[in-house]
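Structure file structure-v1.tsv with TSV, C-alpha atoms:
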chain	number	residue	atom	x	y	z
A	255	MET	CA	28.16	8.26	29.90
A	256	LYS	CA	26.18	10.39	32.26
A	257	ASP	CA	22.94	9.24	33.79
A	258	VAL	CA	20.30	10.09	31.23
A	259	SER	CA	17.83	11.14	33.93
A	260	ASP	CA	20.27	13.98	34.58
A	261	SER	CA	19.85	15.37	31.12
A	262	GLY	CA	18.05	18.58	31.94
A	263	ALA	CA	21.74	19.51	31.82
A	264	VAL	CA	21.32	19.49	28.05
A	265	PHE	CA	19.44	22.75	28.23
A	266	ASP	CA	21.87	24.35	30.66
A	267	ALA	CA	24.89	23.44	28.57
A	268	LEU	CA	23.16	24.75	25.46
A	269	GLY	CA	22.26	28.03	27.11
A	270	ASP	CA	25.44	29.50	25.61
A	271	ALA	CA	25.23	30.63	21.97
A	272	THR	CA	28.84	29.76	21.10
A	273	ARG	CA	28.42	26.34	22.62
A	274	ARG	CA	25.36	25.78	20.45
A	275	ARG	CA	27.51	26.61	17.42
A	276	VAL	CA	30.12	24.09	18.55
A	277	VAL	CA	27.36	21.48	18.75
A	278	ALA	CA	26.02	22.46	15.33
A	279	GLU	CA	29.49	22.15	13.73
A	280	LEU	CA	30.13	18.86	15.48
A	281	SER	CA	26.77	17.61	14.28
A	282	ALA	CA	27.77	18.50	10.70
A	283	LEU	CA	31.24	16.98	10.93
A	284	GLY	CA	30.44	13.79	12.85
A	285	THR	CA	33.77	13.70	14.63
A	286	ALA	CA	36.20	16.60	14.94
A	287	SER	CA	39.22	17.77	16.88
A	288	PRO	CA	39.23	21.14	18.66
A	289	THR	CA	41.57	22.44	15.92
A	290	GLU	CA	39.16	21.45	13.14
A	291	LEU	CA	36.28	23.06	15.00
A	292	ALA	CA	38.26	26.24	15.63
A	293	HIS	CA	38.81	26.60	11.85
A	294	ARG	CA	35.07	26.76	11.37
A	295	LEU	CA	34.30	29.05	14.29
A	296	PRO	CA	35.37	32.60	15.17
A	297	ILE	CA	37.05	31.45	18.39
A	298	THR	CA	40.43	30.01	19.36
A	299	ARG	CA	41.21	26.32	19.74
A	300	GLN	CA	41.59	26.90	23.50
A	301	ALA	CA	38.11	28.39	23.68
A	302	VAL	CA	36.71	25.49	21.64
A	303	SER	CA	38.36	23.06	24.07
A	304	LYS	CA	36.74	24.79	27.05
A	305	HIS	CA	33.31	24.55	25.46
A	306	LEU	CA	33.91	20.90	24.63
A	307	VAL	CA	34.77	20.18	28.25
A	308	ALA	CA	31.52	21.84	29.37
A	309	LEU	CA	29.58	19.85	26.79
A	310	ALA	CA	31.32	16.64	27.89
A	311	ASP	CA	30.38	17.40	31.52
A	312	ALA	CA	26.76	17.63	30.45
A	313	GLY	CA	27.12	14.28	28.68
A	314	LEU	CA	26.53	15.85	25.28
A	315	VAL	CA	29.83	14.92	23.67
A	316	SER	CA	32.32	12.14	24.12
A	317	SER	CA	35.99	12.16	23.25
A	318	GLN	CA	38.55	9.65	22.08
A	319	ARG	CA	42.19	9.79	21.16
A	320	SER	CA	42.99	9.65	17.45
A	321	GLY	CA	46.75	9.65	16.90
A	322	ARG	CA	48.02	12.81	18.56
A	323	ALA	CA	44.69	14.57	18.62
A	324	ILE	CA	41.60	14.11	20.73
A	325	VAL	CA	38.46	13.97	18.63
A	326	TYR	CA	34.94	14.62	19.82
A	327	ARG	CA	31.55	13.40	18.73
A	328	LEU	CA	28.00	14.08	19.88
A	329	THR	CA	26.40	11.50	22.12
A	330	PRO	CA	22.83	10.94	20.98
A	331	GLU	CA	21.15	9.89	24.24
A	332	PRO	CA	20.77	13.28	25.94
A	333	PHE	CA	19.42	14.80	22.74
A	334	THR	CA	16.98	11.97	22.32
A	335	ASP	CA	15.90	12.35	25.93
A	336	ALA	CA	15.49	16.11	25.58
A	337	VAL	CA	13.45	15.72	22.44
A	338	SER	CA	11.26	13.03	23.97
A	339	TRP	CA	10.62	15.35	26.94
A	340	MET	CA	9.57	18.11	24.55
A	341	THR	CA	7.36	15.78	22.58
A	342	GLN	CA	5.68	14.41	25.68
A	343	VAL	CA	5.15	17.78	27.36
A	344	GLY	CA	3.91	19.28	24.08
A	345	ALA	CA	1.35	16.51	23.64
A	346	GLN	CA	0.15	16.97	27.23
A	347	TRP	CA	-0.44	20.69	26.64
A	348	ASP	CA	-2.26	19.98	23.37
A	349	ASP	CA	-4.64	17.74	25.33
A	350	ARG	CA	-4.98	20.10	28.27
A	351	LEU	CA	-5.58	23.24	26.25
A	352	GLY	CA	-8.17	21.42	24.17
A	353	ALA	CA	-9.84	20.34	27.43
A	354	LEU	CA	-9.64	23.90	28.81
A	355	ARG	CA	-11.42	25.19	25.73
A	356	GLU	CA	-14.14	22.59	26.05
A	357	HIS	CA	-14.44	23.18	29.78
A	358	LEU	CA	-15.05	26.90	29.29
A	359	GLY	CA	-17.43	26.24	26.39
A	360	ARG	CA	-19.51	23.94	28.61
A	361	ARG	CA	-19.67	26.51	31.40
A	362	ARG	CA	-20.81	29.22	29.00
A	363	ARG	CA	-23.50	27.05	27.46
A	364	ARG	CA	-24.80	26.10	30.91
A	365	ARG	CA	-25.25	29.76	31.77
A	366	VAL	CA	-27.08	30.71	28.57
B	206	MET	CA	16.92	12.57	11.57
B	207	ARG	CA	19.31	12.98	14.44
B	208	ASN	CA	20.87	16.02	12.85
B	209	ARG	CA	17.47	17.59	12.52
B	210	LEU	CA	16.76	17.02	16.20
B	211	VAL	CA	20.12	18.46	17.16
B	212	ALA	CA	19.48	21.44	14.88
B	213	ALA	CA	16.10	22.05	16.52
B	214	ILE	CA	17.61	22.09	20.00
B	215	VAL	CA	20.62	24.11	18.92
B	216	THR	CA	18.52	26.85	17.39
B	217	GLY	CA	16.80	27.33	20.71
B	218	MET	CA	13.60	25.39	20.23
B	219	SER	CA	14.06	23.78	23.61
B	220	ASP	CA	10.93	25.33	25.12
B	221	VAL	CA	7.55	23.79	24.66
B	222	GLU	CA	5.21	26.52	23.45
B	223	ARG	CA	1.49	26.22	22.79
B	224	GLU	CA	-1.18	28.75	22.01
B	225	VAL	CA	-4.93	28.41	21.90
B	226	LEU	CA	-7.75	30.87	21.25
B	227	ILE	CA	-10.56	30.45	23.75
B	228	PRO	CA	-13.96	32.03	23.14
B	229	ALA	CA	-14.28	33.40	26.67
B	230	PRO	CA	-13.10	36.59	28.39
B	231	ALA	CA	-9.81	36.55	30.28
B	232	ASP	CA	-11.40	36.60	33.74
B	233	GLU	CA	-13.29	33.39	32.99
B	234	VAL	CA	-10.12	31.80	31.69
B	235	TRP	CA	-8.30	32.98	34.80
B	236	SER	CA	-10.87	31.28	37.05
B	237	ALA	CA	-10.50	28.07	35.07
B	238	LEU	CA	-6.73	28.27	35.52
B	239	THR	CA	-6.68	29.05	39.22
B	240	ASP	CA	-9.82	27.63	40.85
B	241	PRO	CA	-8.63	24.18	42.02
B	242	GLU	CA	-11.92	22.50	41.13
B	243	GLN	CA	-12.06	23.94	37.60
B	244	LEU	CA	-8.34	23.44	37.08
B	245	GLY	CA	-8.65	19.79	38.04
B	246	GLU	CA	-11.45	19.28	35.56
B	247	TRP	CA	-9.54	20.24	32.43
B	248	PHE	CA	-6.05	19.41	33.64
B	249	GLY	CA	-6.92	15.79	34.27
B	250	ALA	CA	-5.78	15.64	37.88
B	251	GLU	CA	-7.26	16.27	41.28
B	252	VAL	CA	-5.85	19.53	42.57
B	253	GLU	CA	-5.24	19.79	46.30
B	254	GLY	CA	-4.69	23.20	47.85
B	255	ASP	CA	-5.46	26.70	46.68
B	256	LEU	CA	-3.22	28.41	44.20
B	257	GLU	CA	-1.41	31.17	46.05
B	258	PRO	CA	1.99	32.64	45.22
B	259	GLY	CA	4.63	30.82	47.26
B	260	ASP	CA	2.32	27.89	48.01
B	261	VAL	CA	2.68	24.34	46.86
B	262	THR	CA	-0.27	22.73	45.10
B	263	VAL	CA	-0.48	18.95	44.89
B	264	PHE	CA	-1.70	17.31	41.68
B	265	HIS	CA	-3.11	13.79	42.08
B	266	PHE	CA	-3.01	12.13	38.69
B	267	PRO	CA	-5.40	9.35	37.63
B	268	ASP	CA	-2.50	6.85	37.44
B	269	GLY	CA	-1.96	7.30	41.19
B	270	THR	CA	1.15	9.46	41.00
B	271	ARG	CA	1.40	12.86	42.67
B	272	ARG	CA	3.37	15.92	41.63
B	273	ARG	CA	3.83	19.21	43.39
B	274	ALA	CA	3.79	22.61	41.81
B	275	LEU	CA	5.19	25.71	43.46
B	276	VAL	CA	3.11	28.72	42.46
B	277	GLU	CA	5.51	31.53	41.67
B	278	GLN	CA	3.53	34.19	39.90
B	279	MET	CA	-0.11	35.26	39.85
B	280	GLU	CA	-1.08	38.40	38.01
B	281	PRO	CA	-4.83	38.08	37.44
B	282	PRO	CA	-6.10	37.77	34.82
B	283	ARG	CA	-2.94	37.82	32.73
B	284	ARG	CA	-0.18	35.63	34.01
B	285	LEU	CA	0.22	32.44	36.02
B	286	GLY	CA	3.68	31.02	36.65
B	287	PHE	CA	4.47	27.82	38.49
B	288	ARG	CA	7.23	25.30	38.82
B	289	TRP	CA	6.92	21.54	38.75
B	290	LEU	CA	9.16	20.45	41.59
B	291	PRO	CA	11.78	17.92	40.49
B	292	TYR	CA	10.28	14.81	42.04
B	293	GLU	CA	7.08	12.80	42.09
B	294	THR	CA	5.40	10.37	44.44
B	295	GLY	CA	4.74	6.99	42.87
B	296	THR	CA	1.73	4.75	43.47
B	297	ASP	CA	3.87	2.95	46.07
B	298	GLY	CA	4.26	6.21	48.01
B	299	VAL	CA	7.96	6.41	47.20
B	300	VAL	CA	9.28	9.83	46.20
B	301	ARG	CA	11.47	9.76	43.12
B	302	GLU	CA	13.51	12.45	41.48
B	303	ARG	CA	12.46	13.51	38.03
B	304	GLU	CA	12.99	16.53	35.82
B	305	GLY	CA	11.63	19.85	36.99
B	306	SER	CA	10.22	22.51	34.77
B	307	ARG	CA	8.79	26.01	34.81
B	308	VAL	CA	5.42	26.82	33.30
B	309	GLU	CA	4.21	30.27	32.29
B	310	ILE	CA	0.65	30.80	31.16
B	311	ASP	CA	-0.25	34.15	29.61
B	312	CYS	CA	-3.75	35.30	28.83
B	313	ASP	CA	-4.40	38.01	26.27
B	314	GLU	CA	-7.94	39.19	25.88
B	315	ILE	CA	-8.87	40.01	22.29
B	316	GLY	CA	-12.44	41.19	21.89
B	317	ASP	CA	-14.54	38.62	23.74
B	318	ALA	CA	-12.00	35.84	23.29
B	319	THR	CA	-8.69	35.10	24.99
B	320	ILE	CA	-5.42	33.87	23.60
B	321	VAL	CA	-3.84	31.50	26.09
B	322	ARG	CA	-0.14	30.94	25.60
B	323	VAL	CA	1.78	28.28	27.52
B	324	VAL	CA	5.56	28.02	27.72
B	325	GLU	CA	7.11	25.12	29.60
B	326	ARG	CA	10.85	25.05	30.06
B	327	ARG	CA	12.80	22.24	31.60
B	328	VAL	CA	14.86	23.12	34.65
B	329	GLU	CA	17.90	21.19	35.74
B	330	ALA	CA	17.56	19.87	39.29
B	331	ALA	CA	21.18	20.72	40.04
B	332	VAL	CA	20.60	24.45	39.50
B	333	ASP	CA	17.14	24.35	41.00
B	334	PRO	CA	17.49	22.95	44.52
B	335	PHE	CA	14.47	21.86	46.49
B	336	PRO	CA	12.73	24.93	47.85
B	337	THR	CA	13.33	25.84	51.44
B	338	ILE	CA	9.81	24.84	52.44
B	339	GLY	CA	11.28	21.40	52.96
B	340	PHE	CA	11.48	18.26	50.91
B	341	ARG	CA	10.51	15.99	53.80
B	342	SER	CA	7.38	17.79	54.83
B	343	LEU	CA	6.26	17.96	51.21
B	344	ALA	CA	6.95	14.29	50.70
B	345	ARG	CA	4.36	13.43	53.35
B	346	VAL	CA	1.57	15.32	51.62

For the file at hand, write its structure as structure tokens.
Amino acid sequence: MKDVSDSGAVFDALGDATRRRVVAELSALGTASPTELAHRLPITRQAVSKHLVALADAGLVSSQRSGRAIVYRLTPEPFTDAVSWMTQVGAQWDDRLGALREHLGRRRRRRV
Amino acid sequence: MRNRLVAAIVTGMSDVEREVLIPAPADEVWSALTDPEQLGEWFGAEVEGDLEPGDVTVFHFPDGTRRRALVEQMEPPRRLGFRWLPYETGTDGVVREREGSRVEIDCDEIGDATIVRVVERRVEAAVDPFPTIGFRSLARV
């Protein structure tokens, strides 16, 4: 597991459209091997594997051996962290923009 | 729940976007965005230093922490772009790494009102090294 504070990497790893589709499929399947994912995507198993390695480097997926295959699953922490960042930053801007509006309203009234 | 969160991120909703209609012309909004005193008033932080492209502005927050923003873009009265540098100074004076992000504020004047649109996007520290102005000198601010 990667350090969660490092998880701005979430956004970098998800900058690639195909990789986002791999994540979406993996999210739907729970756990899946590269072969299973390749059946659901218009790319080869080798390409799927490459994307999975990049996602694993970003701490977004983890892998384990299942018989002869390696299966992958999403790791929730980076997603949770990313979403909590978005929630927090969004709430801050809601407050600030409300305050900006009031600030400008006060200035205008003072001038009238 | 988790799948919904994943779906939101996967479909590219990873930017924070906000829009507000302000009943004031764009040049007044621009002053409120860029005059340190006015900015501090609505932003909820004391703003140290003028906002000039390429300059670092220090935000002193009420909880005692400080963050630095690198002003990257100023196109009055339409666009302000800055970057939260990926660290903050705690109340104990110790500088800690945290996530960086880029903020773009666009102002669109419509009649005698202005639509202010904010987009904040998280930036990974690894691909966004400390600016060349120097981490150490900034840390002393």

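Each of A:His293, A:Phe333, A:His305, A:Arg362 was checked against Ala271 (chain A) using all atoms listed in the file; the smallest atom-to-atom distance is that of A:His305.
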
At most 10 Å to chain B: residues in chain A, all atoms listed in the file, as a ChimeraX atom specification: /A:259-266,268-271,273-278,281-282,284,328,330,333-334,336-337,339-359,361-362

Store the residues picked out above in a file with C-alpha atoms, as a PDB file, in the frame of the given file.
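Full text of again.pdb as output:
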ATOM      1  CA  SER A 259      17.830  11.140  33.930  1.00  0.00           C
ATOM      2  CA  ASP A 260      20.270  13.980  34.580  1.00  0.00           C
ATOM      3  CA  SER A 261      19.850  15.370  31.120  1.00  0.00           C
ATOM      4  CA  GLY A 262      18.050  18.580  31.940  1.00  0.00           C
ATOM      5  CA  ALA A 263      21.740  19.510  31.820  1.00  0.00           C
ATOM      6  CA  VAL A 264      21.320  19.490  28.050  1.00  0.00           C
ATOM      7  CA  PHE A 265      19.440  22.750  28.230  1.00  0.00           C
ATOM      8  CA  ASP A 266      21.870  24.350  30.660  1.00  0.00           C
ATOM      9  CA  LEU A 268      23.160  24.750  25.460  1.00  0.00           C
ATOM     10  CA  GLY A 269      22.260  28.030  27.110  1.00  0.00           C
ATOM     11  CA  ASP A 270      25.440  29.500  25.610  1.00  0.00           C
ATOM     12  CA  ALA A 271      25.230  30.630  21.970  1.00  0.00           C
ATOM     13  CA  ARG A 273      28.420  26.340  22.620  1.00  0.00           C
ATOM     14  CA  ARG A 274      25.360  25.780  20.450  1.00  0.00           C
ATOM     15  CA  ARG A 275      27.510  26.610  17.420  1.00  0.00           C
ATOM     16  CA  VAL A 276      30.120  24.090  18.550  1.00  0.00           C
ATOM     17  CA  VAL A 277      27.360  21.480  18.750  1.00  0.00           C
ATOM     18  CA  ALA A 278      26.020  22.460  15.330  1.00  0.00           C
ATOM     19  CA  SER A 281      26.770  17.610  14.280  1.00  0.00           C
ATOM     20  CA  ALA A 282      27.770  18.500  10.700  1.00  0.00           C
ATOM     21  CA  GLY A 284      30.440  13.790  12.850  1.00  0.00           C
ATOM     22  CA  LEU A 328      28.000  14.080  19.880  1.00  0.00           C
ATOM     23  CA  PRO A 330      22.830  10.940  20.980  1.00  0.00           C
ATOM     24  CA  PHE A 333      19.420  14.800  22.740  1.00  0.00           C
ATOM     25  CA  THR A 334      16.980  11.970  22.320  1.00  0.00           C
ATOM     26  CA  ALA A 336      15.490  16.110  25.580  1.00  0.00           C
ATOM     27  CA  VAL A 337      13.450  15.720  22.440  1.00  0.00           C
ATOM     28  CA  TRP A 339      10.620  15.350  26.940  1.00  0.00           C
ATOM     29  CA  MET A 340       9.570  18.110  24.550  1.00  0.00           C
ATOM     30  CA  THR A 341       7.360  15.780  22.580  1.00  0.00           C
ATOM     31  CA  GLN A 342       5.680  14.410  25.680  1.00  0.00           C
ATOM     32  CA  VAL A 343       5.150  17.780  27.360  1.00  0.00           C
ATOM     33  CA  GLY A 344       3.910  19.280  24.080  1.00  0.00           C
ATOM     34  CA  ALA A 345       1.350  16.510  23.640  1.00  0.00           C
ATOM     35  CA  GLN A 346       0.150  16.970  27.230  1.00  0.00           C
ATOM     36  CA  TRP A 347      -0.440  20.690  26.640  1.00  0.00           C
ATOM     37  CA  ASP A 348      -2.260  19.980  23.370  1.00  0.00           C
ATOM     38  CA  ASP A 349      -4.640  17.740  25.330  1.00  0.00           C
ATOM     39  CA  ARG A 350      -4.980  20.100  28.270  1.00  0.00           C
ATOM     40  CA  LEU A 351      -5.580  23.240  26.250  1.00  0.00           C
ATOM     41  CA  GLY A 352      -8.170  21.420  24.170  1.00  0.00           C
ATOM     42  CA  ALA A 353      -9.840  20.340  27.430  1.00  0.00           C
ATOM     43  CA  LEU A 354      -9.640  23.900  28.810  1.00  0.00           C
ATOM     44  CA  ARG A 355     -11.420  25.190  25.730  1.00  0.00           C
ATOM     45  CA  GLU A 356     -14.140  22.590  26.050  1.00  0.00           C
ATOM     46  CA  HIS A 357     -14.440  23.180  29.780  1.00  0.00           C
ATOM     47  CA  LEU A 358     -15.050  26.900  29.290  1.00  0.00           C
ATOM     48  CA  GLY A 359     -17.430  26.240  26.390  1.00  0.00           C
ATOM     49  CA  ARG A 361     -19.670  26.510  31.400  1.00  0.00           C
ATOM     50  CA  ARG A 362     -20.810  29.220  29.000  1.00  0.00           C
TER      51      ARG A 362
END

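Relative to CA of Thr262 (chain B), CA of Phe287 (chain B) is found at 9.6 Å.
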
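Between CA of Arg271 (chain B) and CA of Gly295 (chain B) there is a distance of 6.8 Å.
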
Would you kindly return, as a ChimeraX atom specification, each protein, DNA or RNA residue with an atom no farther than 12 Å from any atom of Glu280 (chain B), considering only C-alpha atoms and excluding same-chain residues fewer than 6 positions away? /B:231-232,235,238-239,256-258,286-287,309-312

What would the list of residues within 9 Å of (40.9, 24.4, 16.5) (file frame) look like as number ranges by chain, if all atoms listed in the file are what count? A: 287-295, 297-303

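Taking CA of Pro282 (chain B) and CA of Phe266 (chain B) as the two end points, the separation is 26.1 Å.
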
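Proximity to Val300 (chain B) was assessed for B:Glu251, B:Pro241, B:Asp317, B:Arg273 counting only C-alpha atoms; the smallest distance is recorded for B:Arg273.
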